[in-house]
file query.txt (compact mmCIF, C-alpha atoms)
# COMPACT_ATOMS: atom_id res chain seq x y z
CA MET A 21 0.00 0.00 0.00
CA THR A 22 1.55 3.31 -1.06
CA ARG A 23 1.59 6.50 1.00
CA PHE A 24 -1.00 7.98 -1.39
CA HIS A 25 -3.33 5.08 -0.69
CA LEU A 26 -2.87 5.48 3.05
CA ILE A 27 -3.73 9.19 2.81
CA LEU A 28 -6.87 8.36 0.82
CA LEU A 29 -7.83 5.68 3.32
CA ALA A 30 -7.37 8.11 6.22
CA ALA A 31 -9.49 10.72 4.41
CA ALA A 32 -12.28 8.20 3.82
CA VAL A 33 -12.22 7.13 7.47
CA ALA A 34 -12.29 10.80 8.52
CA ILE A 35 -15.40 11.42 6.37
CA ALA A 36 -17.15 8.43 7.96
CA VAL A 37 -16.20 9.67 11.44
CA ILE A 38 -17.66 13.11 10.65
CA PHE A 39 -20.99 11.43 9.84
CA LEU A 40 -20.76 9.43 13.06
CA GLY A 41 -20.56 12.67 14.99
CA LEU A 42 -23.94 13.89 13.78
CA SER A 43 -26.77 14.11 16.31
CA ALA A 44 -29.72 11.68 16.18
CA SER A 45 -32.07 14.44 15.01
CA THR A 46 -29.72 15.43 12.17
CA MET A 47 -29.44 11.77 11.13
CA GLY A 48 -33.26 11.57 11.19
CA TRP A 49 -33.45 14.68 9.01
CA TRP A 50 -31.06 13.13 6.47
CA GLN A 51 -33.09 9.93 6.47
CA SER A 52 -36.29 11.89 5.96
CA ARG A 53 -34.81 13.70 2.91
CA PHE A 54 -33.52 10.37 1.56
CA LEU A 55 -37.05 8.96 1.88
CA ASP A 56 -38.40 12.00 -0.01
CA VAL A 57 -35.98 11.31 -2.88
CA SER A 58 -36.75 7.57 -2.79
CA THR A 59 -40.55 7.90 -2.63
CA PRO A 60 -41.16 7.41 -6.40
CA ALA A 61 -38.87 4.36 -6.45
CA LEU A 62 -40.58 2.91 -3.35
CA GLN A 63 -44.04 3.47 -4.82
CA ALA A 64 -43.01 1.89 -8.13
CA GLY A 65 -41.43 -1.05 -6.28
CA SER A 66 -44.57 -1.51 -4.20
CA ALA A 67 -46.78 -1.50 -7.31
CA ILE A 68 -44.55 -4.03 -9.12
CA SER A 69 -44.34 -6.22 -6.02
CA GLY A 70 -48.13 -6.18 -5.66
CA LYS A 71 -48.61 -7.23 -9.28
CA ILE A 72 -46.10 -10.09 -8.93
CA SER A 73 -47.80 -11.23 -5.74
CA LYS A 74 -51.22 -11.27 -7.44
CA LEU A 75 -49.75 -13.18 -10.38
CA ASN A 76 -48.30 -15.80 -8.02
CA GLN A 77 -51.63 -16.19 -6.27
CA GLY A 78 -53.32 -16.72 -9.62
CA LEU A 79 -50.96 -19.48 -10.72
CA LYS A 80 -52.18 -22.97 -9.82
CA SER A 81 -51.10 -26.44 -10.83
CA LEU A 82 -53.34 -28.75 -12.89
CA ASP A 83 -54.02 -30.95 -9.84
CA GLU A 84 -55.03 -27.94 -7.78
CA LEU A 85 -57.36 -26.76 -10.55
CA GLU A 86 -58.95 -30.22 -10.80
CA ALA A 87 -59.53 -30.39 -7.04
CA GLU A 88 -60.88 -26.85 -7.04
CA ASN A 89 -63.23 -27.69 -9.90
CA ALA A 90 -64.68 -30.66 -8.00
CA THR A 91 -65.18 -28.53 -4.89
CA LEU A 92 -66.81 -25.75 -6.87
CA ALA A 93 -69.21 -28.17 -8.56
CA ALA A 94 -70.35 -29.47 -5.15
CA GLN A 95 -70.65 -25.94 -3.82
CA ASN A 96 -72.65 -24.91 -6.88
CA ASN A 97 -75.32 -27.51 -6.17
CA GLU A 98 -75.47 -26.48 -2.54
CA LEU A 99 -75.72 -22.82 -3.44
CA LYS A 100 -78.59 -23.43 -5.85
CA ALA A 101 -80.57 -24.94 -3.00
CA THR A 102 -79.90 -22.15 -0.55
CA ARG A 103 -80.08 -19.27 -3.00
CA GLN A 104 -83.70 -18.51 -2.36
CA LEU A 105 -83.13 -18.20 1.35
CA THR A 106 -80.11 -15.93 1.23
CA GLY A 107 -81.49 -13.02 -0.77
CA ASN A 108 -82.58 -11.07 2.29
CA LEU A 109 -79.57 -12.15 4.34
CA GLU A 110 -77.19 -10.76 1.72
CA ASP A 111 -78.66 -7.28 2.02
CA GLU A 112 -78.56 -7.46 5.76
CA ASN A 113 -74.95 -8.62 5.69
CA ARG A 114 -73.93 -5.69 3.50
CA ARG A 115 -75.64 -3.26 5.81
CA LEU A 116 -74.01 -4.75 8.89
CA ARG A 117 -70.58 -4.71 7.28
CA ALA A 118 -70.97 -1.02 6.56
CA ALA A 119 -72.14 -0.41 10.12
CA LEU A 120 -69.18 -2.26 11.51
CA ASP A 121 -66.65 -0.43 9.39
CA TYR A 122 -63.70 -0.06 11.65
CA ARG A 123 -62.90 3.48 10.79
CA ASP A 124 -66.35 4.64 11.82
CA ARG A 125 -66.63 2.68 15.01
CA SER A 126 -63.15 3.52 16.20
CA PRO A 127 -62.87 6.24 18.86
CA PHE A 128 -59.75 7.54 17.06
CA ARG A 129 -59.22 9.77 14.06
CA LEU A 130 -57.68 7.30 11.66
CA LEU A 131 -55.73 7.89 8.49
CA PRO A 132 -55.74 4.89 6.16
CA ALA A 133 -52.31 3.94 4.79
CA GLN A 134 -50.73 1.18 2.79
CA ILE A 135 -47.55 -0.71 3.56
CA LEU A 136 -45.05 0.10 0.81
CA SER A 137 -42.24 -2.20 1.90
CA ARG A 138 -40.76 -4.12 4.82
CA ASP A 139 -37.25 -3.63 6.18
CA ALA A 140 -34.79 -6.00 4.51
CA SER A 141 -32.48 -6.03 7.52
CA SER A 142 -32.30 -8.95 9.91
CA TRP A 143 -32.13 -7.00 13.15
CA TRP A 144 -34.95 -4.48 12.89
CA ASN A 145 -38.63 -4.86 12.14
CA THR A 146 -39.86 -1.76 10.38
CA ALA A 147 -42.15 -1.00 7.46
CA LYS A 148 -42.63 1.99 5.21
CA ILE A 149 -46.14 3.41 4.71
CA ASN A 150 -47.39 5.73 2.00
CA ARG A 151 -48.32 8.63 4.32
CA GLY A 152 -46.14 11.40 5.63
CA PHE A 153 -46.24 14.87 7.08
CA ALA A 154 -48.22 16.07 4.01
CA GLU A 155 -51.17 14.19 5.62
CA LYS A 156 -50.33 15.41 9.13
CA VAL A 157 -48.52 12.25 10.17
CA ASP A 158 -46.00 12.91 12.91
CA ALA A 159 -43.35 10.84 14.67
CA GLN A 160 -44.49 8.65 17.59
CA GLN A 161 -48.04 8.10 16.33
CA PRO A 162 -49.64 4.67 16.79
CA VAL A 163 -50.33 2.54 13.73
CA LEU A 164 -52.94 -0.21 13.86
CA THR A 165 -55.27 -2.47 11.92
CA ALA A 166 -58.82 -3.48 12.77
CA GLU A 167 -57.30 -6.52 14.52
CA GLY A 168 -54.78 -4.75 16.72
CA LEU A 169 -51.70 -2.61 17.21
CA VAL A 170 -49.05 -2.66 14.49
CA GLY A 171 -46.45 -0.21 15.82
CA ARG A 172 -45.57 3.48 15.85
CA THR A 173 -44.14 5.95 13.39
CA THR A 174 -40.50 6.99 13.72
CA THR A 175 -39.00 8.91 10.79
CA VAL A 176 -41.58 10.90 8.81
CA ALA A 177 -40.96 12.28 5.33
CA LYS A 178 -43.41 14.20 3.10
CA ASP A 179 -45.22 11.19 1.64
CA VAL A 180 -43.57 8.24 3.36
CA SER A 181 -43.11 7.27 7.01
CA ILE A 182 -41.21 4.52 8.75
CA VAL A 183 -43.18 2.43 11.23
CA LEU A 184 -41.38 0.61 14.02
CA LEU A 185 -43.35 -2.63 14.23
CA LEU A 186 -44.58 -4.10 17.48
CA THR A 187 -42.54 -7.22 16.66
CA ASP A 188 -39.30 -5.24 17.06
CA GLU A 189 -37.45 -5.65 20.33
CA ASN A 190 -37.24 -1.85 20.65
CA CYS A 191 -40.99 -1.25 20.39
CA ARG A 192 -42.09 -1.46 24.03
CA VAL A 193 -45.73 -1.04 24.98
CA ALA A 194 -47.33 -0.94 28.44
CA ALA A 195 -49.95 -3.68 28.47
CA ARG A 196 -52.63 -5.19 30.69
CA ILE A 197 -54.20 -8.61 30.63
CA GLU A 198 -57.96 -8.73 30.26
CA GLY A 199 -59.84 -9.74 33.40
CA THR A 200 -56.82 -9.34 35.71
CA ASN A 201 -54.87 -6.54 37.34
CA GLU A 202 -51.69 -7.77 35.68
CA GLN A 203 -49.67 -5.20 33.76
CA GLY A 204 -46.36 -5.55 31.98
CA ILE A 205 -44.34 -4.48 28.98
CA VAL A 206 -44.89 -6.04 25.57
CA SER A 207 -42.10 -6.12 23.01
CA GLY A 208 -40.95 -8.16 20.07
CA ARG A 209 -38.10 -10.61 20.04
CA ARG A 210 -34.65 -10.02 18.64
CA ALA A 211 -34.26 -11.31 15.07
CA ALA A 212 -37.87 -12.52 15.11
CA GLY A 213 -38.29 -12.29 11.35
CA ASN A 214 -41.44 -11.41 9.44
CA THR A 215 -43.14 -14.74 8.97
CA SER A 216 -44.67 -15.81 12.31
CA PRO A 217 -43.34 -13.51 15.01
CA GLU A 218 -44.26 -13.80 18.67
CA LEU A 219 -44.42 -11.10 21.30
CA VAL A 220 -43.25 -11.28 24.89
CA LEU A 221 -45.00 -9.70 27.87
CA ASN A 222 -42.45 -9.19 30.65
CA PHE A 223 -42.51 -7.99 34.26
CA LEU A 224 -45.64 -9.88 35.32
CA ASN A 225 -46.10 -11.27 38.83
CA ARG A 226 -44.55 -14.71 39.14
CA ASP A 227 -47.68 -16.09 40.86
CA ALA A 228 -50.19 -14.44 38.49
CA ASN A 229 -53.03 -16.65 37.28
CA ILE A 230 -52.57 -16.24 33.55
CA GLN A 231 -54.08 -18.75 31.19
CA PRO A 232 -53.59 -19.31 27.46
CA GLY A 233 -56.25 -17.54 25.42
CA MET A 234 -56.42 -14.42 27.60
CA LYS A 235 -56.47 -11.18 25.63
CA VAL A 236 -53.85 -8.47 26.10
CA PHE A 237 -54.50 -4.76 25.48
CA THR A 238 -52.51 -1.54 25.66
CA ALA A 239 -52.57 -0.12 29.18
CA GLY A 240 -52.49 3.49 28.06
CA VAL A 241 -50.32 4.81 30.87
CA SER A 242 -50.04 8.55 31.28
CA GLY A 243 -47.84 10.23 28.68
CA ALA A 244 -47.52 7.04 26.61
CA VAL A 245 -47.63 6.93 22.81
CA PHE A 246 -50.39 4.30 22.72
CA PRO A 247 -53.93 4.93 23.99
CA ALA A 248 -55.57 2.33 26.22
CA GLY A 249 -57.61 -0.58 24.93
CA ILE A 250 -55.91 -1.43 21.62
CA PRO A 251 -55.61 -5.22 21.23
CA LEU A 252 -52.01 -6.47 21.29
CA GLY A 253 -52.40 -10.22 21.25
CA THR A 254 -53.49 -13.41 22.97
CA VAL A 255 -51.55 -15.32 25.63
CA LYS A 256 -50.06 -18.54 24.24
CA GLU A 257 -47.94 -19.54 27.18
CA PHE A 258 -47.01 -18.26 30.65
CA ARG A 259 -43.76 -19.08 32.37
CA THR A 260 -42.11 -17.99 35.57
CA ARG A 261 -38.58 -16.65 35.66
CA GLU A 262 -36.27 -15.87 38.56
CA LEU A 263 -37.74 -12.45 39.27
CA ASP A 264 -40.91 -12.15 37.21
CA GLY A 265 -43.40 -13.91 35.02
CA GLN A 266 -43.31 -13.83 31.23
CA ALA A 267 -46.14 -14.47 28.79
CA ILE A 268 -45.65 -15.36 25.15
CA LEU A 269 -48.26 -13.73 22.94
CA GLU A 270 -49.70 -14.39 19.53
CA PRO A 271 -49.97 -10.90 17.96
CA ALA A 272 -53.50 -9.64 17.30
CA ALA A 273 -52.48 -8.11 13.96
CA ASP A 274 -51.32 -10.48 11.23
CA PHE A 275 -47.73 -9.35 10.66
CA SER A 276 -47.15 -11.84 7.86
CA ARG A 277 -49.81 -10.15 5.71
CA LEU A 278 -49.63 -6.48 6.57
CA GLU A 279 -51.08 -4.43 3.73
CA ASP A 280 -53.57 -1.83 4.93
CA VAL A 281 -53.11 -0.02 8.22
CA PHE A 282 -54.37 3.11 9.99
CA VAL A 283 -52.34 5.88 11.55
CA VAL A 284 -53.92 7.25 14.72
CA LEU A 285 -53.95 11.03 14.34
CA GLY A 286 -55.82 11.65 17.60
CA THR A 287 -59.16 11.01 19.26
CA LYS A 288 -62.54 11.97 17.78
CA MET B 11 -16.71 6.64 -15.52
CA ILE B 12 -20.09 5.94 -17.16
CA ARG B 13 -19.88 2.31 -16.06
CA ALA B 14 -19.07 3.30 -12.50
CA LEU B 15 -22.14 5.55 -12.54
CA ILE B 16 -24.25 2.65 -13.79
CA LEU B 17 -22.94 0.53 -10.93
CA ALA B 18 -23.72 3.34 -8.48
CA LEU B 19 -27.28 3.50 -9.83
CA LEU B 20 -27.57 -0.28 -9.54
CA ILE B 21 -26.53 -0.09 -5.89
CA TYR B 22 -29.28 2.46 -5.19
CA LEU B 23 -31.86 0.34 -7.04
CA ALA B 24 -30.67 -2.79 -5.22
CA LEU B 25 -31.22 -1.05 -1.87
CA ILE B 26 -34.82 -0.34 -2.86
CA ALA B 27 -35.39 -3.72 -4.54
CA GLN B 28 -34.17 -5.82 -1.62
CA GLU B 29 -36.97 -4.39 0.53
CA PHE B 30 -39.48 -6.08 -1.77
CA ILE B 31 -37.80 -9.49 -1.83
CA PRO B 32 -39.58 -11.72 0.66
CA ALA B 33 -37.64 -13.58 3.34
CA VAL B 34 -36.50 -17.05 2.28
CA PRO B 35 -38.19 -19.72 4.46
CA PHE B 36 -35.65 -22.50 3.76
CA LEU B 37 -32.84 -20.19 4.88
CA GLY B 38 -34.41 -19.69 8.30
CA GLY B 39 -36.42 -16.66 7.14
CA SER B 40 -33.26 -14.83 6.06
CA HIS B 41 -33.37 -11.81 3.81
CA ILE B 42 -31.55 -11.55 0.50
CA LEU B 43 -29.11 -8.66 0.43
CA LEU B 44 -28.04 -7.51 -3.02
CA VAL B 45 -25.93 -4.48 -2.11
CA PRO B 46 -22.86 -6.35 -0.77
CA LEU B 47 -22.79 -8.41 -4.01
CA LEU B 48 -22.59 -5.26 -6.11
CA PHE B 49 -20.10 -3.57 -3.81
CA VAL B 50 -17.77 -6.59 -3.89
CA TYR B 51 -17.84 -6.47 -7.69
CA ALA B 52 -17.03 -2.76 -7.65
CA ALA B 53 -14.24 -3.29 -5.11
CA LEU B 54 -12.63 -6.00 -7.24
CA TRP B 55 -12.92 -3.90 -10.39
CA LEU B 56 -12.32 -0.24 -9.59
CA PRO B 57 -8.98 1.43 -8.81
CA PHE B 58 -8.40 2.15 -5.12
CA PRO B 59 -9.66 5.77 -5.04
CA GLY B 60 -12.82 4.58 -6.80
CA VAL B 61 -13.24 1.77 -4.27
CA LEU B 62 -13.09 4.29 -1.42
CA LEU B 63 -15.61 6.59 -3.11
CA PHE B 64 -17.89 3.64 -3.69
CA ALA B 65 -17.49 2.54 -0.08
CA LEU B 66 -18.55 5.98 1.19
CA TYR B 67 -21.47 6.11 -1.24
CA THR B 68 -22.69 2.55 -0.50
CA GLY B 69 -22.24 3.00 3.23
CA LEU B 70 -24.13 6.29 3.28
CA LEU B 71 -27.09 4.91 1.33
CA SER B 72 -27.17 1.73 3.46
CA ASP B 73 -27.12 3.73 6.67
CA LEU B 74 -29.88 6.03 5.44
CA THR B 75 -31.98 3.01 4.51
CA PHE B 76 -31.45 1.04 7.73
CA LEU B 77 -31.15 3.90 10.21
CA HIS B 78 -33.13 2.71 13.19
CA ALA B 79 -34.29 5.65 15.23
CA THR B 80 -36.14 4.97 18.48
CA GLY B 81 -37.05 8.20 20.19
CA ASP B 82 -33.93 10.36 20.16
CA GLN B 83 -31.64 7.34 20.04
CA VAL B 84 -30.12 5.82 16.92
CA GLU B 85 -28.91 2.22 17.18
CA ILE B 86 -26.38 2.23 14.35
CA GLY B 87 -25.70 5.79 13.33
CA LEU B 88 -24.80 7.28 9.96
CA GLY B 89 -21.18 6.46 9.21
CA TRP B 90 -20.78 2.91 10.57
CA SER B 91 -21.59 1.23 7.25
CA MET B 92 -19.29 3.73 5.53
CA LEU B 93 -16.47 2.57 7.81
CA PHE B 94 -17.37 -1.07 7.20
CA TYR B 95 -17.35 -0.69 3.42
CA VAL B 96 -14.13 1.36 3.48
CA PHE B 97 -12.28 -1.42 5.32
CA LEU B 98 -14.01 -4.16 3.32
CA GLY B 99 -13.09 -2.41 0.07
CA THR B 100 -9.47 -2.03 1.18
CA GLY B 101 -9.32 -5.73 2.08
CA LEU B 102 -10.90 -6.75 -1.22
CA ARG B 103 -8.52 -4.53 -3.10
CA LEU B 104 -5.71 -6.67 -1.66
CA LEU B 105 -7.38 -9.68 -3.28
CA GLN B 106 -7.25 -8.18 -6.75
CA PRO B 107 -3.93 -9.85 -7.67
CA LEU B 108 -5.70 -13.19 -7.10
CA ALA B 109 -8.21 -12.34 -9.78
CA PRO B 110 -6.32 -11.10 -12.83
CA GLY B 111 -8.89 -10.25 -15.49
CA GLY B 112 -11.65 -11.21 -13.09
CA ARG B 113 -12.63 -14.55 -11.59
CA TRP B 114 -16.19 -15.34 -10.65
CA GLU B 115 -15.09 -17.69 -7.84
CA ILE B 116 -13.33 -14.87 -6.01
CA HIS B 117 -16.38 -12.63 -6.38
CA CYS B 118 -18.65 -15.45 -5.25
CA LEU B 119 -16.67 -16.30 -2.10
CA ALA B 120 -16.02 -12.67 -1.21
CA SER B 121 -19.73 -11.81 -1.63
CA GLY B 122 -20.82 -14.60 0.73
CA LEU B 123 -18.23 -13.67 3.34
CA ALA B 124 -18.85 -9.92 3.06
CA THR B 125 -22.62 -10.33 3.46
CA SER B 126 -22.33 -12.48 6.59
CA LEU B 127 -19.56 -10.27 7.98
CA LEU B 128 -21.75 -7.17 7.52
CA LEU B 129 -24.61 -8.83 9.41
CA LEU B 130 -22.29 -10.09 12.14
CA VAL B 131 -20.86 -6.60 12.70
CA GLN B 132 -24.37 -5.11 12.73
CA TYR B 133 -25.53 -7.73 15.20
CA LEU B 134 -22.61 -7.16 17.56
CA MET B 135 -23.35 -3.44 17.51
CA VAL B 136 -27.04 -4.06 18.21
CA CYS B 137 -26.08 -6.31 21.16
CA LEU B 138 -23.73 -3.64 22.45
CA ARG B 139 -26.46 -0.99 22.23
CA ARG B 140 -29.10 -3.19 23.88
CA GLU B 141 -26.60 -4.37 26.51
CA SER B 142 -27.41 -8.04 26.10
CA PHE B 143 -25.95 -10.76 23.95
CA LEU B 144 -28.04 -13.64 22.61
CA LEU B 145 -26.93 -16.30 20.19
CA ASP B 146 -29.25 -19.06 19.05
CA GLY B 147 -30.09 -20.95 15.89
CA THR B 148 -32.40 -18.21 14.57
CA ILE B 149 -29.74 -15.54 14.93
CA LEU B 150 -27.08 -17.74 13.35
CA TRP B 151 -29.39 -18.30 10.40
CA GLN B 152 -29.98 -14.54 10.13
CA ILE B 153 -26.20 -14.08 9.85
CA LEU B 154 -25.24 -17.07 7.73
CA GLY B 155 -28.41 -17.39 5.61
CA PRO B 156 -27.97 -14.14 3.64
CA GLY B 157 -24.29 -15.05 3.12
CA LEU B 158 -25.34 -18.40 1.70
CA ALA B 159 -27.92 -16.70 -0.51
CA ALA B 160 -25.19 -14.30 -1.70
CA LEU B 161 -22.96 -17.28 -2.56
CA LEU B 162 -25.74 -18.75 -4.68
CA LEU B 163 -26.64 -15.48 -6.38
CA ALA B 164 -23.12 -14.15 -6.92
CA PRO B 165 -22.32 -16.00 -10.19
CA ALA B 166 -25.51 -14.69 -11.80
CA VAL B 167 -24.80 -11.13 -10.64
CA TYR B 168 -21.17 -11.43 -11.77
CA PHE B 169 -22.03 -12.54 -15.30
CA PHE B 170 -24.86 -9.98 -15.52
CA LEU B 171 -22.45 -7.16 -14.64
CA ARG B 172 -19.90 -8.49 -17.14
CA LEU B 173 -22.48 -7.87 -19.86
CA PHE B 174 -21.88 -4.13 -19.52
CA PRO B 175 -19.16 -3.21 -21.99
CA GLY B 176 -15.97 -2.18 -20.22
CA ALA B 177 -17.17 -3.35 -16.82
CA ARG B 178 -14.41 -5.96 -16.73
CA TRP B 179 -11.29 -5.98 -14.66
CA ALA B 180 -8.82 -3.39 -15.89
CA PRO B 181 -5.17 -4.48 -16.37
CA ARG B 182 -4.00 -2.04 -13.68
CA ALA B 183 -6.18 -3.83 -11.21
CA HIS B 184 -3.83 -6.83 -11.24
CA LYS B 185 -1.32 -4.99 -9.11
CA GLY B 186 -3.68 -4.63 -6.16
CA LEU B 187 -2.56 -1.89 -3.77
CA THR B 188 1.02 -1.79 -5.04
CA SER B 189 0.17 0.46 -7.99
call {"tool": "encode", "arguments": {"input": "query.txt", "output": "structure tokens"}}
result
Amino acid sequence: MTRFHLILLAAAVAIAVIFLGLSASTMGWWQSRFLDVSTPALQAGSAISGKISKLNQGLKSLDELEAENATLAAQNNELKATRQLTGNLEDENRRLRAALDYRDRSPFRLLPAQILSRDASSWWNTAKINRGFAEKVDAQQPVLTAEGLVGRTTTVAKDVSIVLLLTDENCRVAARIEGTNEQGIVSGRRAAGNTSPELVLNFLNRDANIQPGMKVFTAGVSGAVFPAGIPLGTVKEFRTRELDGQAILEPAADFSRLEDVFVVLGTK
Amino acid sequence: MIRALILALLIYLALIAQEFIPAVPFLGGSHILLVPLLFVYAALWLPFPGVLLFALYTGLLSDLTFLHATGDQVEIGLGWSMLFYVFLGTGLRLLQPLAPGGRWEIHCLASGLATSLLLLVQYLMVCLRRESFLLDGTILWQILGPGLAALLLAPAVYFFLRLFPGARWAPRAHKGLTS
């Protein structure tokens, strides 16, 4: 290695060190601007990915088509018989669906958003959504689906925001278990992945009577990001540790199929 | 120069594209990382000043993509990936004499190692920040799986990049860091 190369190497290291010295807010600002620049590419990628996904779902083998055909033929006969009875029920169903529309029945002001992409890194669970400060999204706002809590916003750009998912180890939420006085902190697991993540509820009493199937909700402690009463998950298992009890939860929201979410802008 | 710009554009597109590639179930749910593959190619091809520029560029974009801000804390700040790629590029530059005119095997092996090394360094930093160290099968897969995927993908990426006219190893590259 020549002296010239060593000087260049030292200069490159010095540039990297200068970046390392930036404050967290400045780094966030840079990331926000980078997201602004990348928004068209992210939107195009999301559209292409969606089309490929739909194409994959539409492709079936000959055996699958044959089996599906047999099932459909049987269903067709059954449907003919029940058709007369279901006319009124269909109208009623449509009306009830509209009445139950989550956005209307929710006590929060919700902004619908779509997941653009999921973090490709192994150590963090984040997603990008197609809403930003242009639609009054701010950092530290809860994101949820009709089923339950999804996470909270972190970096917000004009038309894109990053959501720290509940399945990330760093996303900690005060929680309570339905029907008990038990409260604890829910978080994700390190390197949990995106396919079938579990949540952990720590700092419970060791002798708490917690059974599988119990529902867990946000506790909504004072000054917290998350309001009370948002479903987090269902207890799968409870185990005692040296100092506390720990429950393993099945998340309420389906993290393997996140597509449409809501950002909580405030209460109604 | 034009070819280096094309490679720089490919690195940016790869950063975006890898977010849309689903995790691979048979590799323990590992993600496929394309950026290290492209950087290794650039590091084995470009002259040393170019490698350093590429390292700063790739590191900056990677950090901006993966910056993980929780409150007013950042787990791995801007600059760490730049440092990683600078040292990786310097190390790879030393390998150039082993690949006169370009050898796909070198690119393939270096891509696998670089990908797993990147994830290992990231993981150690995450453990340091969170003040706890865990190591189990899932985490090992998250480190080794993407490296394995890079090994499998590297030949295809290598021959794809060789399609670009002039994107082959330059004769001066044979001398490694002695030039």
call {"tool": "atom_distance", "arguments": {"input": "query.txt", "atom1": "CA of Gln132 in chain B", "atom2": "CA of Ser91 in chain B"}}
result
8.8 Å
call {"tool": "closest_residue", "arguments": {"input": "query.txt", "among": "A:Val193, A:Leu92, A:Ile205, A:Ala30", "to": "Gly265 in chain A", "atoms": "only C-alpha atoms"}}
result
A:Ile205
call {"tool": "atom_distance", "arguments": {"input": "query.txt", "atom1": "CA of Leu127 in chain B", "atom2": "CA of Leu102 in chain B"}}
result
13.1 Å
call {"tool": "atom_distance", "arguments": {"input": "query.txt", "atom1": "CA of Gln95 in chain A", "atom2": "CA of Glu110 in chain A"}}
result
17.4 Å
call {"tool": "residues_around", "arguments": {"input": "query.txt", "residues": "Arg259 in chain A", "least_positions_apart": "4", "cutoff": "9 Å", "atoms": "all atoms listed in the file", "output": "ChimeraX atom specification"}}
result
/A:226,264-268
call {"tool": "closest_residue", "arguments": {"input": "query.txt", "among": "B:Val45, B:Ala159, B:Ile116, B:Ile12", "to": "Leu128 in chain B", "atoms": "all atoms listed in the file"}}
result
B:Val45
call {"tool": "closest_residue", "arguments": {"input": "query.txt", "among": "A:Phe282, A:Val255, A:Ala166, A:Ala94", "to": "Val183 in chain A", "atoms": "only C-alpha atoms"}}
result
A:Phe282
call {"tool": "residues_near_point", "arguments": {"input": "query.txt", "point": "(-55.8, 14.8, 10.9)", "cutoff": "9 Å", "atoms": "only C-alpha atoms", "output": "list in words"}}
result
Arg129, Leu130, Leu131, Glu155, Lys156, Val157, Val284, Leu285 and Gly286 of chain A
call {"tool": "closest_residue", "arguments": {"input": "query.txt", "among": "A:Val170, A:Leu263, A:Val236, A:Val176", "to": "Gly199 in chain A", "atoms": "all atoms listed in the file"}}
result
A:Val236
call {"tool": "closest_residue", "arguments": {"input": "query.txt", "among": "B:Leu15, B:Leu20, B:Leu123, B:Leu37", "to": "Phe170 in chain B", "atoms": "all atoms listed in the file"}}
result
B:Leu20
call {"tool": "residues_around", "arguments": {"input": "query.txt", "residues": "Leu269 in chain A", "least_positions_apart": "5", "cutoff": "12 Å", "atoms": "only C-alpha atoms", "output": "MDAnalysis selection string"}}
result
chainID A and resid 186:187 195 197 205:209 216:222 230:237 251:259
call {"tool": "residues_around", "arguments": {"input": "query.txt", "residues": "Ala14 in chain B", "least_positions_apart": "4", "cutoff": "10 Å", "atoms": "all atoms listed in the file", "output": "PDB file with C-alpha atoms, in the frame of the given file"}}
result
ATOM      1  CA  ALA B  18     -23.720   3.340  -8.480  1.00  0.00           C
ATOM      2  CA  LEU B  19     -27.280   3.500  -9.830  1.00  0.00           C
ATOM      3  CA  LEU B  20     -27.570  -0.280  -9.540  1.00  0.00           C
ATOM      4  CA  ALA B  52     -17.030  -2.760  -7.650  1.00  0.00           C
ATOM      5  CA  TRP B  55     -12.920  -3.900 -10.390  1.00  0.00           C
ATOM      6  CA  LEU B  56     -12.320  -0.240  -9.590  1.00  0.00           C
ATOM      7  CA  GLY B  60     -12.820   4.580  -6.800  1.00  0.00           C
ATOM      8  CA  PHE B  64     -17.890   3.640  -3.690  1.00  0.00           C
ATOM      9  CA  GLY B 176     -15.970  -2.180 -20.220  1.00  0.00           C
ATOM     10  CA  ALA B 177     -17.170  -3.350 -16.820  1.00  0.00           C
TER      11      ALA B 177
END
call {"tool": "closest_residue", "arguments": {"input": "query.txt", "among": "B:Leu173, B:Leu162, B:Leu138, B:Val167", "to": "Leu47 in chain B", "atoms": "only C-alpha atoms"}}
result
B:Val167
call {"tool": "residues_near_point", "arguments": {"input": "query.txt", "point": "(-61.4, 10.4, 19.4)", "cutoff": "9 Å", "atoms": "all atoms listed in the file", "output": "ChimeraX atom specification"}}
result
/A:126-129,286-288
call {"tool": "axis_aligned_box", "arguments": {"input": "query.txt", "around": "range 99-103 of chain B", "padding_each_side": "5 Å", "output": "lines of an AutoDock Vina configuration file"}}
result
center_x = -10.8
center_y = -4.4
center_z = -0.5
size_x = 14.6
size_y = 14.7
size_z = 15.2
call {"tool": "decode", "arguments": {"input": "query.txt", "residues": "range 63-77 of chain B", "atoms": "C-alpha atoms", "output": "compact mmCIF listing (two decimals), in the first residue's frame"}}
result
# COMPACT_ATOMS: atom_id res chain seq x y z
CA LEU B 63 -15.61 6.59 -3.11
CA PHE B 64 -17.89 3.64 -3.69
CA ALA B 65 -17.49 2.54 -0.08
CA LEU B 66 -18.55 5.98 1.19
CA TYR B 67 -21.47 6.11 -1.24
CA THR B 68 -22.69 2.55 -0.50
CA GLY B 69 -22.24 3.00 3.23
CA LEU B 70 -24.13 6.29 3.28
CA LEU B 71 -27.09 4.91 1.33
CA SER B 72 -27.17 1.73 3.46
CA ASP B 73 -27.12 3.73 6.67
CA LEU B 74 -29.88 6.03 5.44
CA THR B 75 -31.98 3.01 4.51
CA PHE B 76 -31.45 1.04 7.73
CA LEU B 77 -31.15 3.90 10.21
